[in-house]
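Q: Have a peek at data_6.cif (mmCIF, C-alpha atoms).
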data_run
#
loop_
_atom_site.label_atom_id
_atom_site.label_comp_id
_atom_site.auth_asym_id
_atom_site.auth_seq_id
_atom_site.Cartn_x
_atom_site.Cartn_y
_atom_site.Cartn_z
CA MET A 1 0.00 0.00 0.00
CA SER A 2 1.31 3.44 -0.95
CA ALA A 3 2.43 5.62 1.95
CA GLY A 4 1.28 8.95 0.58
CA ARG A 5 -0.57 10.69 -2.27
CA PHE A 6 0.77 13.78 -4.03
CA PHE A 7 -0.27 15.86 -7.01
CA VAL A 8 2.53 16.64 -9.44
CA ALA A 9 2.87 18.44 -12.75
CA PRO A 10 2.56 16.05 -15.74
CA ALA A 11 6.14 16.89 -16.70
CA VAL A 12 7.37 15.09 -13.57
CA LEU A 13 6.00 11.83 -15.03
CA ALA A 14 7.54 12.30 -18.47
CA GLU A 15 10.21 9.60 -17.90
CA PRO A 16 8.43 6.61 -16.28
CA GLU A 17 11.68 4.80 -15.45
CA ARG A 18 13.23 7.79 -13.75
CA VAL A 19 10.80 10.01 -11.91
CA LEU A 20 12.53 12.69 -9.87
CA LEU A 21 10.33 14.01 -7.07
CA PRO A 22 10.00 17.79 -6.63
CA PRO A 23 11.89 19.07 -3.55
CA ALA A 24 8.83 19.57 -1.32
CA ILE A 25 7.49 16.06 -2.01
CA ALA A 26 10.98 14.58 -1.70
CA ASN A 27 11.25 16.16 1.74
CA GLN A 28 7.88 14.67 2.74
CA ALA A 29 8.90 11.22 1.52
CA ARG A 30 12.31 11.29 3.16
CA ASN A 31 11.82 13.18 6.43
CA VAL A 32 8.10 12.90 7.25
CA LEU A 33 7.03 9.53 5.86
CA ARG A 34 10.53 8.07 6.38
CA LEU A 35 10.38 6.12 3.14
CA ARG A 36 13.23 4.03 1.83
CA ALA A 37 14.17 2.48 -1.51
CA GLY A 38 11.61 -0.22 -2.28
CA ASP A 39 8.71 1.66 -0.68
CA THR A 40 5.92 3.12 -2.80
CA LEU A 41 3.86 6.28 -2.93
CA THR A 42 1.13 7.55 -5.25
CA LEU A 43 1.50 10.43 -7.66
CA LEU A 44 -1.50 12.12 -9.28
CA ASP A 45 -1.38 14.10 -12.52
CA GLY A 46 -4.57 16.09 -11.93
CA THR A 47 -6.50 14.40 -14.76
CA GLY A 48 -7.96 11.57 -12.66
CA MET A 49 -5.04 9.16 -13.12
CA ALA A 50 -2.92 7.76 -10.28
CA TYR A 51 0.61 6.41 -10.61
CA THR A 52 2.24 4.02 -8.16
CA LEU A 53 5.85 5.08 -7.78
CA ALA A 54 8.34 2.46 -6.58
CA LEU A 55 11.22 4.34 -4.98
CA THR A 56 14.66 3.43 -6.28
CA GLU A 57 16.70 6.08 -4.47
CA VAL A 58 16.08 8.07 -1.31
CA GLY A 59 19.04 10.37 -0.84
CA ARG A 60 19.82 13.63 0.85
CA ASP A 61 19.88 15.48 -2.47
CA GLN A 62 17.15 13.70 -4.39
CA VAL A 63 14.43 11.10 -4.26
CA GLN A 64 13.53 9.18 -7.39
CA GLY A 65 11.67 6.10 -8.52
CA ARG A 66 9.97 4.33 -11.41
CA ILE A 67 6.28 4.08 -12.27
CA ALA A 68 5.11 0.58 -11.36
CA ALA A 69 1.39 0.97 -12.13
CA ARG A 70 -1.10 3.42 -13.61
CA THR A 71 -4.79 3.40 -12.63
CA LEU A 72 -7.90 5.54 -12.84
CA VAL A 73 -8.98 7.12 -9.54
CA ALA A 74 -12.37 5.50 -9.03
CA SER A 75 -13.40 7.87 -6.23
CA GLU A 76 -13.29 11.01 -8.39
CA PRO A 77 -16.82 12.33 -9.08
CA ARG A 78 -17.97 11.86 -12.67
CA ARG A 79 -20.37 14.79 -12.59
CA GLN A 80 -19.49 18.33 -11.72
CA VAL A 81 -20.83 20.62 -9.04
CA SER A 82 -19.52 24.19 -9.06
CA LEU A 83 -19.91 26.35 -5.98
CA TYR A 84 -20.26 30.12 -6.39
CA GLN A 85 -19.58 31.27 -2.86
CA GLY A 86 -20.11 34.81 -1.63
CA LEU A 87 -16.83 36.04 -0.21
CA LEU A 88 -16.47 35.39 3.53
CA LYS A 89 -13.88 36.05 6.19
CA ALA A 90 -10.64 34.18 5.55
CA ALA A 91 -11.04 31.24 7.95
CA LYS A 92 -14.60 30.49 6.83
CA PHE A 93 -13.79 30.63 3.14
CA GLU A 94 -10.75 28.39 3.61
CA TRP A 95 -12.91 25.90 5.52
CA ILE A 96 -15.35 25.78 2.61
CA ILE A 97 -12.52 25.11 0.16
CA GLN A 98 -11.18 22.28 2.31
CA LYS A 99 -14.50 20.58 3.06
CA GLY A 100 -15.93 21.24 -0.40
CA THR A 101 -12.92 19.54 -1.93
CA GLU A 102 -13.34 16.55 0.37
CA ILE A 103 -16.98 15.96 -0.57
CA GLY A 104 -16.41 16.34 -4.32
CA LEU A 105 -16.81 19.90 -5.65
CA SER A 106 -15.23 20.44 -9.06
CA THR A 107 -14.97 24.24 -9.00
CA ILE A 108 -15.08 26.95 -6.34
CA VAL A 109 -15.73 30.51 -7.46
CA PRO A 110 -15.29 33.38 -4.95
CA VAL A 111 -18.08 35.88 -5.62
CA HIS A 112 -18.22 39.49 -4.49
CA CYS A 113 -21.81 40.18 -3.44
CA ALA A 114 -23.59 43.28 -2.16
CA ARG A 115 -23.33 42.08 1.43
CA SER A 116 -19.81 40.64 1.25
CA ILE A 117 -17.65 41.80 4.12
CA VAL A 118 -14.54 41.03 2.07
CA GLY A 119 -14.06 42.80 -1.26
CA ALA A 120 -12.62 41.16 -4.36
CA ASP A 121 -9.77 43.69 -4.35
CA GLU A 122 -8.79 42.47 -0.87
CA VAL A 123 -7.98 38.99 -2.17
CA SER A 124 -4.22 39.09 -2.73
CA ALA A 125 -2.16 36.81 -4.95
CA ALA A 126 -0.76 35.22 -1.79
CA LYS A 127 -4.26 34.46 -0.53
CA ARG A 128 -5.27 32.91 -3.86
CA ALA A 129 -2.13 30.75 -3.77
CA ARG A 130 -3.05 29.65 -0.25
CA TRP A 131 -6.53 28.69 -1.46
CA ARG A 132 -5.01 26.50 -4.17
CA THR A 133 -2.69 24.87 -1.63
CA ILE A 134 -5.62 24.10 0.67
CA ALA A 135 -7.55 22.54 -2.22
CA THR A 136 -4.54 20.46 -3.26
CA GLU A 137 -3.86 19.13 0.23
CA ALA A 138 -7.56 18.34 0.77
CA ALA A 139 -7.71 16.51 -2.57
CA GLU A 140 -4.66 14.42 -1.62
CA GLN A 141 -6.13 13.57 1.77
CA SER A 142 -9.59 12.66 0.46
CA ASP A 143 -8.51 10.35 -2.39
CA ARG A 144 -9.46 12.74 -5.18
CA GLY A 145 -8.06 12.35 -8.66
CA ARG A 146 -8.36 16.04 -9.49
CA VAL A 147 -7.84 19.26 -7.58
CA PRO A 148 -10.90 21.52 -7.71
CA GLU A 149 -10.32 24.73 -9.61
CA VAL A 150 -10.37 27.73 -7.28
CA ARG A 151 -11.01 30.66 -9.58
CA GLU A 152 -10.26 34.34 -9.37
CA PRO A 153 -12.85 36.40 -7.47
CA VAL A 154 -15.69 37.66 -9.66
CA LYS A 155 -18.58 40.07 -9.22
CA PHE A 156 -22.01 38.50 -8.75
CA ALA A 157 -23.44 39.99 -11.95
CA ASP A 158 -20.44 38.79 -13.95
CA ALA A 159 -20.77 35.28 -12.55
CA LEU A 160 -24.38 35.17 -13.69
CA ALA A 161 -23.53 36.53 -17.12
CA ALA A 162 -20.89 33.83 -17.63
CA LEU A 163 -23.27 30.91 -17.00
CA PRO A 164 -23.88 28.61 -20.00
CA PRO A 165 -27.29 29.19 -21.65
CA ASP A 166 -28.72 25.83 -20.51
CA ALA A 167 -26.99 25.74 -17.12
CA VAL A 168 -28.59 24.03 -14.12
CA ALA A 169 -28.07 26.97 -11.76
CA LEU A 170 -29.49 27.13 -8.24
CA LEU A 171 -29.44 29.86 -5.62
CA ALA A 172 -30.04 29.07 -1.95
CA HIS A 173 -32.59 31.53 -0.62
CA ALA A 174 -34.01 31.86 2.87
CA GLY A 175 -37.19 33.53 1.67
CA GLU A 176 -40.20 31.99 -0.03
CA VAL A 177 -39.33 29.54 -2.78
CA ALA A 178 -42.09 28.60 -5.17
CA HIS A 179 -42.41 24.89 -5.90
CA ALA A 180 -39.36 24.10 -3.82
CA GLY A 181 -40.67 20.71 -2.77
CA ASP A 182 -39.45 18.63 0.09
CA VAL A 183 -35.69 18.95 0.53
CA ALA A 184 -35.52 15.28 1.51
CA THR A 185 -36.66 14.27 -2.00
CA GLY A 186 -34.08 16.37 -3.78
CA ALA A 187 -36.83 18.26 -5.64
CA SER A 188 -35.83 21.50 -3.94
CA LEU A 189 -32.55 21.37 -5.81
CA GLY A 190 -34.41 21.69 -9.10
CA LEU A 191 -32.51 18.75 -10.62
CA CYS A 192 -35.18 17.60 -13.02
CA GLY A 193 -36.31 17.74 -16.64
CA LYS A 194 -33.73 16.88 -19.26
CA HIS A 195 -30.98 16.37 -16.71
CA ILE A 196 -32.68 14.26 -14.04
CA ALA A 197 -35.58 11.80 -14.07
CA PRO A 198 -37.44 10.06 -11.22
CA ALA A 199 -35.65 6.92 -10.11
CA ARG A 200 -37.36 3.55 -10.33
CA ASN A 201 -35.64 2.42 -7.16
CA ARG A 202 -35.92 5.55 -5.09
CA ASN A 203 -32.80 6.66 -3.31
CA PRO A 204 -33.06 8.98 -0.30
CA PHE A 205 -33.22 11.94 -2.69
CA GLY A 206 -35.71 10.28 -5.05
CA LEU A 207 -33.73 11.13 -8.18
CA GLU A 208 -31.55 9.40 -10.73
CA VAL A 209 -29.22 10.98 -13.26
CA VAL A 210 -30.08 10.31 -16.90
CA HIS A 211 -27.98 13.05 -18.47
CA ASP A 212 -24.65 14.58 -17.52
CA ALA A 213 -25.16 17.97 -15.96
CA THR A 214 -22.93 20.49 -14.27
CA VAL A 215 -24.76 22.00 -11.32
CA HIS A 216 -23.95 25.61 -10.45
CA LEU A 217 -24.71 26.44 -6.80
CA PHE A 218 -24.89 30.04 -5.57
CA ILE A 219 -24.48 30.59 -1.83
CA GLY A 220 -24.51 34.07 -0.33
CA PRO A 221 -22.08 35.71 2.10
CA GLU A 222 -22.82 36.55 5.72
CA GLY A 223 -26.22 38.20 5.57
CA GLY A 224 -27.25 36.37 2.42
CA PHE A 225 -28.08 37.78 -1.00
CA ALA A 226 -29.60 41.24 -1.41
CA PRO A 227 -33.12 41.31 -2.92
CA GLU A 228 -31.83 42.87 -6.13
CA GLU A 229 -29.32 40.03 -6.49
CA VAL A 230 -32.05 37.44 -6.09
CA ALA A 231 -34.10 39.20 -8.76
CA LEU A 232 -31.12 39.41 -11.11
CA ALA A 233 -30.38 35.71 -10.66
CA GLN A 234 -33.96 34.86 -11.59
CA GLU A 235 -33.66 37.01 -14.71
CA HIS A 236 -30.71 34.80 -15.71
CA GLY A 237 -32.75 31.63 -15.26
CA VAL A 238 -31.31 30.68 -11.87
CA ARG A 239 -33.77 28.71 -9.73
CA LEU A 240 -34.32 29.62 -6.09
CA VAL A 241 -34.03 26.67 -3.72
CA THR A 242 -34.50 26.13 -0.01
CA LEU A 243 -32.21 24.20 2.31
CA GLY A 244 -34.95 23.68 4.87
CA PRO A 245 -36.81 25.66 7.54
CA ARG A 246 -33.77 26.70 9.59
CA ILE A 247 -31.40 29.59 8.93
CA LEU A 248 -27.92 28.28 8.15
CA ARG A 249 -24.61 30.08 8.32
CA ALA A 250 -23.07 30.71 4.92
CA GLU A 251 -20.39 28.07 5.36
CA THR A 252 -22.96 25.52 6.57
CA ALA A 253 -25.27 26.28 3.65
CA ALA A 254 -22.45 25.76 1.18
CA LEU A 255 -21.70 22.25 2.41
CA VAL A 256 -25.35 21.27 2.81
CA ALA A 257 -26.22 22.40 -0.73
CA ALA A 258 -23.16 20.76 -2.24
CA THR A 259 -23.85 17.51 -0.43
CA LEU A 260 -27.49 17.44 -1.55
CA ALA A 261 -26.49 18.15 -5.15
CA LEU A 262 -23.82 15.46 -5.22
CA ALA A 263 -26.17 12.96 -3.65
CA ALA A 264 -28.92 13.79 -6.16
CA LEU A 265 -26.38 13.29 -8.96
CA GLY A 266 -25.51 9.86 -7.57
CA GLU A 267 -22.01 10.83 -6.49
CA LEU A 268 -22.26 9.84 -2.82
CA GLY A 269 -22.92 6.16 -3.36
#
Show how you would write the structure in this file as structure tokens.

A:
Amino acid sequence: MSAGRFFVAPAVLAEPERVLLPPAIANQARNVLRLRAGDTLTLLDGTGMAYTLALTEVGRDQVQGRIAARTLVASEPRRQVSLYQGLLKAAKFEWIIQKGTEIGLSTIVPVHCARSIVGADEVSAAKRARWRTIATEAAEQSDRGRVPEVREPVKFADALAALPPDAVALLAHAGEVAHAGDVATGASLGLCGKHIAPARNRNPFGLEVVHDATVHLFIGPEGGFAPEEVALAQEHGVRLVTLGPRILRAETAALVAATLALAALGELG
């Protein structure tokens, strides 16, 4: 069994018989995992493929090995759920990136909303790099085959304008939601029509995927979406959904909505 899992650039795997580990991963293998020649670890190329690396040399200056096996990461979600998250305070947003990666999000988009405490211009290059590191480490820990894309911050109106014409786009709203249905059936997520059909053998969410669909989830910042934002989303064809009768914190709502969507898409088993 491999001792660790690490994402690497595809160029690292260019020579299967002589794979030289990048310095940071070499340090992990040598000084943290205490690996020796003959041990194995797993390298991931970010496309859903995993490579078993048999170590041939563990030295002070370099660690190298050869690719012994190549397999598809079976645990990587087949269908995509993108989270458009209203910008939050640093710790909360980082928590969403970590936990969202673990449960299977494909994309995380920071969105500047009317009620965002943090502005898009306050997100430095260093902070964006930290977000990508958090996503990478969470993907390694949770047996993902891909690292979710953490995009540049975008204004709410621009995020709506960039949605594909036939997108399945949902916005969690604490107000009245027409035809929301029972959240326990999955109907409140609006995953129906050409993308989803009723399941013959009903799962807890009562739905079964019959067509690939990327689900775009919009979750507001602290304080939620402003009324004008809700109206604008509806103008762009975004459906309002409810996450139940209780008021959830923004970070809680993000994980609840993502979990419900992934379950309705059949990605949680």

Q: Which value, in Å to one decimal, gives the distance between CA of Leu83 in chain A and CA of Thr107 in chain A?

A: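 Computing it gives 6.2 Å between the two atoms.
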
Q: What does the distance from CA of Ser106 in chain A to CA of Arg79 in chain A come to in Å, to one decimal?

A: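 Calculated distance between CA of Ser106 in chain A and CA of Arg79 in chain A is 8.4 Å.
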
Q: Just the residues within 9 Å of Ile96 in chain A, please, counting only C-alpha atoms, with nothing from its chain fewer than 4 positions along; format it as a list in words.

A: Gln85, Ala91, Lys92, Gly100, Thr101, Glu251, Thr252, Ala254 and Leu255 of chain A

Q: Around all of range 123-126 of chain A's listed atoms, make the axis-aligned box with 6 Å on each side and tell me centre and edge lengths in Å to one decimal, as JSON.

A:
{"center_x": -4.4, "center_y": 37.2, "center_z": -3.4, "size_x": 19.2, "size_y": 15.9, "size_z": 15.2}

Q: Considering all atoms listed in the file, can you say which of A:Ala157, A:Ala226, A:Ile108, A:Val150 comes closest to Ala258 in chain A?

A: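 Of all the options, A:Ile108 lies closest to Ala258 in chain A.
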